[in-house]
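Notes follow the structure.
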Amino acid sequence: MRSTFMGLEASKRGLYTQQSALYTTGHNISNANTEGYSRQRVNMRPTLGYPGTGLNAPMTAGYIGTGVEAESVQRIRDQFIDRQYRQETNKLGYYESRANAITQMEDIMSEPSEYGLNEAFNLFWSSLQDVSTNPEDAASRKVAIQRAEHLADTFNYLDTQLKQIQGNLGNEIDVSTTQINSILKQIAEINKQIKAVEPNGYMPNDLYDARDNLLDQLNEYIPVTVTSVKSGGNALSIAEGSYTISFNGVELVNGSEYAELKAIDTAGNKVDGNVDDSSTSGFNAFSKISVSELGNPPVSGTEQDSFEQADFESSKGKLLSLINSYGYQNTGGSVEGYYPEMLENLNKLANVFATAFNQVHEAGYTIDDATPTGVTFFDGGTPITAGNIKVTDAVKNNSSLIAASSKLDEEGNGKWAAELAKLQSVALSNGGFSITVDGNTTNFTNAPSLDGATYQSFYEGLVGKLGVDGQEAARLQYNSETIRLTVQNNRASISSVSLDEEMTNLITFQQAYNANARMITAIDETLDKIINGLGRVGL
Amino acid sequence: MRVTQSMLSNNMLRNLSSSYSKMADLQNQINTGKKVNRPSDDPVTAIKGMSYRTDLNKVEQFDRNMTQVNSWLDSSDDALGQVGEALTRVKELVVQAANDTNTADDRQKAKLEIDQIRKQIQDVANTKVADKYLFSGTKTQSPLFVDGELNSELYDSSTNTFAPGASGEVKMEIFDGIQLQVNSSNAGELFKNVDELMVNISNALDESDAEEIGNLLGGIADGTDDSLSEIQNKVLEARADVGARQNRVEMMSNRLSLQEINVTKQMSENEDVDYSKAITEMVTYESIHQASLSVGAKIIQRTLVDFL
């Protein structure tokens with residue numbers, strides 16, 4: 001026999017359940033603009049029918065429903081799309097940072113323009129032509145020296161600026177690892193909380209969201225793999241558990257324990273973009289990322305494992321791009337990287353230019369009686385580099401020392417200056433080159449080589465490569481941005497809050513609540529009939 | 001597919017920002033007048049732009065060299081012309097003086113003029129252009145004649161030889177690998193011969209021997225290289241040589257200006273903005289942008305809340 005008040009109980013359950021659905025709707029609306037928030041739904045299920053099963057269960061017709069209960073509150077999210085999103089975030093992080101590094105380099109090189117190295121070269125060659133037509137004129141000689149200084153300054157400027165950006169990149173590596181460490185710590189914290197909540201049979205949806213959000217951020221820096229470990233106790237089957245995060249097979253987070261990453265340079269110091277004391281000329285290249293032992297807090301001073309540049313998955317993550325731009329030690333022990341290579345090439349250009357120019361210049365004749373034969377024109381250091389190249393003080397202070405003449409004691413002879421100007425189009429290969437003036441040939445067999453390139457074509461090659469790389473990075477950045485947006489839209493399509501939908505739900509739940517209340521009134525009326533109307537025949 | 005407010009506003013934001021960046025790009029192009037402002041915009045165009053700049057720079061430089069060449073050649077031509085004229089006058093005087101009707105007194109008067117002409121030719125030999133002596137070979141800071149005599153720095157009278165620089169060629173580059181001599185070869189020798197001739201004439205006039213004076217006129221065929229006719233001929237030769245080079249320079253100069261126009265044109269085609277195209281695109285993007293703004297504003301306003 002069923003209970004007299006069974007209807008009341010069923011409707012009361014309805015009231016409560018609809019109420020929790022209403023509150024969840026309110027929670028969704030409140031979080032409509034929260035980043036990383038996934039909409040939540042109350043999973044409702046009917047409560048078990050009456051009567052229950054058992055030997056002494058009453059035999060009645062039917063299996064009458066007893067109402068509804070809120071089984072769980074679940075966030076609506078597709079983990080497969082999360083994976084896709086993170087893959088694209090990896091790529092975007094890489095190409096965004098790469099495009100950024102290349103753009104900065106382009107800004108410094110400022111080609112093609114009237115201010116770059118190419119123009120500085122052009123002006124210098126031109127001024128030598130002017131010396132060749134006016135060799136006895138101190139003014140044109142002075143101009144040539146000014147232009148030479150300008151050229152050397154341009155080399156110095158490029159060197160300084162590129163190194164400055166390289167330093168900034170080193171600093172960014174440091175900041176990025178700090179950022180990664182902070183994310184790892186936060187994820188471990190959240191894991192800890194989730195592990196405390198789940199065994200009680202609850203779904204900590206907002207913690208899941210926060211953790212996924214952190215994972216999105218982490219994937220911008222490094223590609224990580226995620227596996228989940230179920231909580232014990234009364235954890236629901238749909239509970240997501242604690243995340244174990246690993247990178248290249250090395251665990252970075254396991255439960256509430258996490259590791260700490262540190263970027264180490266070849267001298268064993270932290271990569272931080274500060275010019276190392278031991279080598280003031282530049283930066284020590286990146287050597288490895290050191291991962292500490294797991295712990296909470298991580299065990300400092302220990303190393304669980306380490307990654308070199310070659311261990312990274314190619315073209316993934318901002319950290320790798322920063323390392324590639326900053327410069328790293330490859331497995332062969334030599335330094336590679338975008339900025340070091342450009343710096344090295346500029347050094348080579350400056351060195352070959354200065355050396356070959358000096359050789360030719362020394363073979364000419366000046367109009368200075370005290371020093372009739374050509375002197376060293378460019379110096380700066382051993383070896384001459386883009387950073388230290390300068391016009392020698394002797395030449396700077398005495399424009400007569402420009403060796404413009406092909407013969408001794410001929411102030412009107414500008415043929416050697418013309419030959420110096422012609423170095424512009426001399427292809428520098430291993431065999432050296434020779435210069436013939438008035439039938440006399442001078443061989444420069446010891447001249448340095450640019451592998452058959454002229455200064456200009458060598459430099460054009462550098463700028464061309466920069467352009468192609470920049471274009472590629474920009475295109476790939478755009479592509480991954482577009483794909484990520486599509487994926488983001490797919491994810492939003494599933495998880496984000498639609499106000500229209502929530503309003504519709506609001507009405508649905510509100511009406512259901514009202515109807516339950518009405519039901520209680522109806523049952524109340526039937527009970528009233530029994531209690532106050534029965535057994536009073538004739539009254 | 002379920003579409004939510006945040007998707008709409010995300011999409012709208014991205015579209016707006018991409019249309020902004022496209023417009024910024026076009027604006028940059030229109031403002032600078034260049035299609036390519038950094039190598040990654042178009043690597044090939046950028047590299048070509050660098051080469052064109054170098055080419056243009058060279059052409060401009062050769063053009064500037066050409067100005068120097070012209071001033072040398074024009075001044076040489078002028079100076080040699082003056083020498084020629086002076087020699088014509090000398091010939092007149094000599095022809096007149098060779099006449100036996102002249103008295104010694106008459107010849108002394110002719111000698112006075114001859115001596116003046118000698119000075120004048122020496123001045124011409126010391127012609128300067130832009131502070132450089134035209135006829136001193138590559139020793140451009142030393143005059144050919146000092147105090148009426150050949151400069152001892154350039155000419156050793158004991159060995160009768162010129163210093164190596166005095167006969168040096170001044171050459172200038174007027175095109176890639178093409179050098180042109182701008183001074184006259186062996187001008188020192190020429191002026192020395194002229195001067196010696198003048199001295200001979202002057203001396204002969206002093207001696208007042210009509211036949212000897214007459215001999216100095218010489219004939220082209222007499223094989224001597226110190227007669228007046230022979231010297232006149234040599235001056236003419238030197239002048240013709242300058243003239244021929246002037247012609248060459250003129251042709252070269254035309255070629256250079258053509259080259260300059262070509263390179264400038266190629267450079268412009270390579271990297272300059274097609275304004276009509278860029279502005280049309282800009283206008284198109286502007287209207288698209290406005291449309292997306294107004295549509296966007298409508299989309300994000302309305303939700304069911306407004307109607308409940």
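Simple scheme: letters A, B, ... for chains in structure tokens order, numbers from 1 for residues in each chain, numbers from 1 for ligands in the order shown.
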
Need to verify the contact set: B:Ser253, 10 Å, only C-alpha atoms, exclusion of same-chain residues closer than 4 positions in sequence. Can you return it as JSON, numbers by chain? {"B": [62, 63, 66, 67, 70, 174, 175, 247, 248, 249, 257, 258, 259]}

Would you write out, as CSV, a table of all residues in chain A that have an atom no more than 8 Å from an atom of chain B, listing for each the closest atom pair and the distance in Å to one decimal, considering only C-alpha atoms and ordering rows by chain and rising residue number?
residue,atom,partner,partner_atom,distance
A:Asn33,CA,B:Ser6,CA,7.5
A:Glu106,CA,B:Arg38,CA,6.4
A:Asp107,CA,B:Arg38,CA,7.6
A:Ser110,CA,B:Arg38,CA,7.0
A:Glu111,CA,B:Arg38,CA,6.3
A:Pro112,CA,B:Met50,CA,5.7
A:Ser113,CA,B:Met50,CA,7.9
A:Asn118,CA,B:Met50,CA,7.1
A:Glu119,CA,B:Thr54,CA,7.6
A:Asn122,CA,B:Thr54,CA,6.2
A:Leu123,CA,B:Asn57,CA,8.0
A:Ser126,CA,B:Gln61,CA,6.0
A:Gln129,CA,B:Gln61,CA,7.3
A:Asp130,CA,B:Asn65,CA,7.2
A:Ser132,CA,B:Met172,CA,6.9
A:Thr133,CA,B:Met172,CA,5.8
A:Glu136,CA,B:Thr140,CA,7.6
A:Asp409,CA,B:Gly165,CA,7.4
A:Glu410,CA,B:Lys139,CA,5.2
A:Glu411,CA,B:Lys139,CA,5.6
A:Gly412,CA,B:Thr138,CA,4.1
A:Asn413,CA,B:Thr138,CA,5.1
A:Gly414,CA,B:Val170,CA,7.3
A:Lys415,CA,B:Lys171,CA,6.7
A:Ala418,CA,B:Glu173,CA,7.1
A:Glu460,CA,B:Ile47,CA,6.0
A:Val463,CA,B:Pro39,CA,6.8
A:Gly464,CA,B:Pro43,CA,5.5
A:Lys465,CA,B:Pro43,CA,7.9
A:Leu466,CA,B:Pro39,CA,6.9
A:Gly467,CA,B:Ser40,CA,3.9
A:Val468,CA,B:Pro43,CA,5.7
A:Asp469,CA,B:Ser40,CA,7.3
A:Gly470,CA,B:Ser40,CA,4.9
A:Gln471,CA,B:Ser40,CA,4.5
A:Asn489,CA,B:Met7,CA,6.0
A:Ala492,CA,B:Met7,CA,6.2
A:Ser493,CA,B:Arg2,CA,5.1
A:Ile494,CA,B:Arg2,CA,6.9
A:Ser496,CA,B:Thr4,CA,6.7
A:Val497,CA,B:Thr4,CA,6.5
A:Ser498,CA,B:Thr4,CA,4.6
A:Leu499,CA,B:Thr303,CA,6.7
A:Asp500,CA,B:Leu304,CA,5.0
A:Met503,CA,B:Leu304,CA,6.6

In Å, with one decimal, what is the gap from atom CA of A:Glu313 to atom CA of A:Ile264?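 For atom CA of A:Glu313 relative to atom CA of A:Ile264, the distance reads 18.7 Å.
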
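Residues surrounding A:Asn388 within 9 Å are Ala152, Phe155, Asn156, Asp379, Gly380, Gly381, Pro383, Ile384 and Thr385 of chain A [only C-alpha atoms; sequence separation below 3 positions excluded].
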
Once DSSP has gone over the backbone, tell me which residues of stretch 94-276 of chain B are in alpha helix (DSSP H), as an NGL selection string. :B and (94-97 or 104-125 or 187-207 or 210-217 or 228-271 or 275-276)

Would you mind exporting C-alpha atoms of the selected residues as an mmCIF file, in the first residue's frame?
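The resulting file, selection06.cif, is reproduced below:
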data_model
loop_
_atom_site.group_PDB
_atom_site.id
_atom_site.type_symbol
_atom_site.label_atom_id
_atom_site.label_comp_id
_atom_site.auth_asym_id
_atom_site.auth_seq_id
_atom_site.Cartn_x
_atom_site.Cartn_y
_atom_site.Cartn_z
ATOM 1 C CA VAL B 94 107.469 84.426 -88.484
ATOM 2 C CA VAL B 95 106.310 84.550 -92.081
ATOM 3 C CA GLN B 96 106.414 88.330 -91.894
ATOM 4 C CA ALA B 97 109.820 88.362 -90.187
ATOM 5 C CA ALA B 104 116.446 94.335 -87.451
ATOM 6 C CA ASP B 105 114.298 96.819 -85.646
ATOM 7 C CA ASP B 106 111.141 95.381 -87.193
ATOM 8 C CA ARG B 107 112.274 91.895 -86.143
ATOM 9 C CA GLN B 108 112.891 93.118 -82.600
ATOM 10 C CA LYS B 109 109.260 94.258 -82.502
ATOM 11 C CA ALA B 110 108.152 90.838 -83.734
ATOM 12 C CA LYS B 111 110.399 89.251 -81.112
ATOM 13 C CA LEU B 112 108.688 91.302 -78.396
ATOM 14 C CA GLU B 113 105.341 89.869 -79.445
ATOM 15 C CA ILE B 114 106.802 86.378 -79.773
ATOM 16 C CA ASP B 115 108.124 86.589 -76.215
ATOM 17 C CA GLN B 116 104.714 87.671 -74.996
ATOM 18 C CA ILE B 117 103.082 84.778 -76.838
ATOM 19 C CA ARG B 118 105.599 82.409 -75.277
ATOM 20 C CA LYS B 119 104.520 83.648 -71.844
ATOM 21 C CA GLN B 120 100.913 83.293 -72.828
ATOM 22 C CA ILE B 121 101.416 79.690 -73.959
ATOM 23 C CA GLN B 122 103.221 78.957 -70.710
ATOM 24 C CA ASP B 123 100.200 80.326 -68.866
ATOM 25 C CA VAL B 124 97.980 78.073 -70.933
ATOM 26 C CA ALA B 125 100.247 75.144 -70.055
ATOM 27 C CA ALA B 187 101.338 67.183 -72.773
ATOM 28 C CA GLY B 188 104.559 68.140 -70.989
ATOM 29 C CA GLU B 189 106.601 67.017 -73.980
ATOM 30 C CA LEU B 190 104.324 68.937 -76.314
ATOM 31 C CA PHE B 191 104.531 72.153 -74.314
ATOM 32 C CA LYS B 192 108.270 71.690 -73.946
ATOM 33 C CA ASN B 193 108.608 71.466 -77.727
ATOM 34 C CA VAL B 194 106.402 74.501 -78.194
ATOM 35 C CA ASP B 195 108.432 76.418 -75.668
ATOM 36 C CA GLU B 196 111.733 75.400 -77.243
ATOM 37 C CA LEU B 197 110.409 76.426 -80.634
ATOM 38 C CA MET B 198 109.425 79.801 -79.216
ATOM 39 C CA VAL B 199 112.922 80.204 -77.808
ATOM 40 C CA ASN B 200 114.416 79.256 -81.160
ATOM 41 C CA ILE B 201 112.201 81.750 -82.957
ATOM 42 C CA SER B 202 113.072 84.418 -80.480
ATOM 43 C CA ASN B 203 116.771 83.708 -80.853
ATOM 44 C CA ALA B 204 116.521 83.640 -84.629
ATOM 45 C CA LEU B 205 114.780 86.976 -84.570
ATOM 46 C CA ASP B 206 117.645 88.307 -82.515
ATOM 47 C CA GLU B 207 120.124 87.073 -85.060
ATOM 48 C CA ALA B 210 115.858 85.713 -92.746
ATOM 49 C CA GLU B 211 116.756 82.277 -94.012
ATOM 50 C CA GLU B 212 117.120 80.764 -90.593
ATOM 51 C CA ILE B 213 113.837 82.308 -89.560
ATOM 52 C CA GLY B 214 112.223 80.910 -92.668
ATOM 53 C CA ASN B 215 113.601 77.443 -91.902
ATOM 54 C CA LEU B 216 111.836 77.446 -88.576
ATOM 55 C CA LEU B 217 108.524 77.445 -90.379
ATOM 56 C CA LEU B 228 106.478 75.434 -86.492
ATOM 57 C CA SER B 229 104.265 73.477 -88.897
ATOM 58 C CA GLU B 230 105.163 70.216 -87.213
ATOM 59 C CA ILE B 231 104.356 71.617 -83.780
ATOM 60 C CA GLN B 232 101.100 73.131 -84.987
ATOM 61 C CA ASN B 233 100.219 69.763 -86.347
ATOM 62 C CA LYS B 234 100.957 68.098 -83.032
ATOM 63 C CA VAL B 235 98.804 70.592 -81.147
ATOM 64 C CA LEU B 236 96.010 69.921 -83.595
ATOM 65 C CA GLU B 237 96.493 66.208 -83.130
ATOM 66 C CA ALA B 238 96.281 66.569 -79.370
ATOM 67 C CA ARG B 239 93.150 68.670 -79.747
ATOM 68 C CA ALA B 240 91.578 66.188 -82.142
ATOM 69 C CA ASP B 241 92.291 63.476 -79.615
ATOM 70 C CA VAL B 242 90.463 65.459 -76.933
ATOM 71 C CA GLY B 243 87.618 66.068 -79.365
ATOM 72 C CA ALA B 244 87.310 62.373 -80.126
ATOM 73 C CA ARG B 245 87.147 61.614 -76.414
ATOM 74 C CA GLN B 246 84.528 64.318 -75.935
ATOM 75 C CA ASN B 247 82.405 62.542 -78.515
ATOM 76 C CA ARG B 248 82.850 59.283 -76.726
ATOM 77 C CA VAL B 249 81.919 60.865 -73.425
ATOM 78 C CA GLU B 250 78.821 62.359 -74.943
ATOM 79 C CA MET B 251 77.681 58.974 -76.194
ATOM 80 C CA MET B 252 78.480 57.458 -72.842
ATOM 81 C CA SER B 253 76.606 60.222 -71.112
ATOM 82 C CA ASN B 254 73.514 59.543 -73.202
ATOM 83 C CA ARG B 255 73.794 55.884 -72.419
ATOM 84 C CA LEU B 256 74.099 56.670 -68.708
ATOM 85 C CA SER B 257 70.988 58.829 -68.644
ATOM 86 C CA LEU B 258 69.098 56.093 -70.471
ATOM 87 C CA GLN B 259 70.396 53.620 -67.942
ATOM 88 C CA GLU B 260 69.321 55.874 -65.099
ATOM 89 C CA ILE B 261 65.809 56.127 -66.503
ATOM 90 C CA ASN B 262 65.680 52.357 -66.981
ATOM 91 C CA VAL B 263 66.897 51.495 -63.501
ATOM 92 C CA THR B 264 64.584 54.040 -61.897
ATOM 93 C CA LYS B 265 61.685 52.669 -63.875
ATOM 94 C CA GLN B 266 62.493 49.068 -62.990
ATOM 95 C CA MET B 267 62.923 49.989 -59.365
ATOM 96 C CA SER B 268 59.612 51.785 -59.376
ATOM 97 C CA GLU B 269 57.837 48.882 -61.079
ATOM 98 C CA ASN B 270 59.442 46.537 -58.607
ATOM 99 C CA GLU B 271 58.507 48.217 -55.375
ATOM 100 C CA TYR B 275 48.110 53.984 -56.123
ATOM 101 C CA SER B 276 44.841 53.468 -57.959
#

Fewer than 3 positions away in the same chain doesn't count, so skip those; otherwise give me all residues within 8 Å of stretch 355-357 of chain A, counting only C-alpha atoms, as a count of residues only. 10

A:Asn31 surroundings by only C-alpha atoms, 12 Å radius, close-in-sequence under 3 positions cut, as a VMD selection string: (chain A and resid 24 to 28 34 to 40 206 209 495 to 499 502) or (chain B and resid 6)

Dump of C-alpha atoms for the selected residues, as an mmCIF file, in the first residue's frame:
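So the final result, stored in selection.cif, reads:
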data_model
loop_
_atom_site.group_PDB
_atom_site.id
_atom_site.type_symbol
_atom_site.label_atom_id
_atom_site.label_comp_id
_atom_site.auth_asym_id
_atom_site.auth_seq_id
_atom_site.Cartn_x
_atom_site.Cartn_y
_atom_site.Cartn_z
ATOM 1 C CA THR A 24 22.882 26.212 -12.223
ATOM 2 C CA THR A 25 21.309 28.294 -14.967
ATOM 3 C CA GLY A 26 22.040 31.360 -12.880
ATOM 4 C CA HIS A 27 25.643 30.170 -12.431
ATOM 5 C CA ASN A 28 25.964 29.788 -16.211
ATOM 6 C CA THR A 34 34.434 33.915 -17.799
ATOM 7 C CA GLU A 35 37.459 32.726 -19.763
ATOM 8 C CA GLY A 36 37.650 28.975 -20.025
ATOM 9 C CA TYR A 37 34.270 28.469 -18.404
ATOM 10 C CA SER A 38 32.188 25.570 -19.697
ATOM 11 C CA ARG A 39 28.456 25.638 -19.282
ATOM 12 C CA GLN A 40 27.086 23.243 -16.682
ATOM 13 C CA ASP A 206 34.934 24.959 -11.919
ATOM 14 C CA ASP A 209 37.741 24.522 -16.046
ATOM 15 C CA SER A 495 31.014 24.607 -24.073
ATOM 16 C CA SER A 496 30.287 28.288 -24.095
ATOM 17 C CA VAL A 497 27.231 29.845 -22.537
ATOM 18 C CA SER A 498 24.423 30.929 -24.839
ATOM 19 C CA LEU A 499 22.299 33.525 -23.086
ATOM 20 C CA GLU A 502 19.954 29.877 -20.666
ATOM 21 C CA SER B 6 30.853 34.488 -27.251
#

Just the residues within 9 Å of A:Ser11, please, counting only C-alpha atoms, with nothing from its chain fewer than 5 positions along; format it as an NGL selection string. :A and (6 or 16 or 66-68 or 516-517 or 519-520)

From atom CA of A:Gly374 to atom CA of A:Ala350 the spacing works out at 20.1 Å

In terms of the shortest atom-to-atom distance over only C-alpha atoms, which of A:Gly49, A:Ile145, A:Ser3, A:Asn181 is closest to A:Thr392?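 The closest residue to A:Thr392 is A:Ile145.
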
Surrounding residues of stretch 335-343 of chain A excluding itself and chain neighbours under 6 positions, 8 Å, only C-alpha atoms, as a PyMOL selection string: chain A and resi 159+162-163+166+285+323-329+386+462
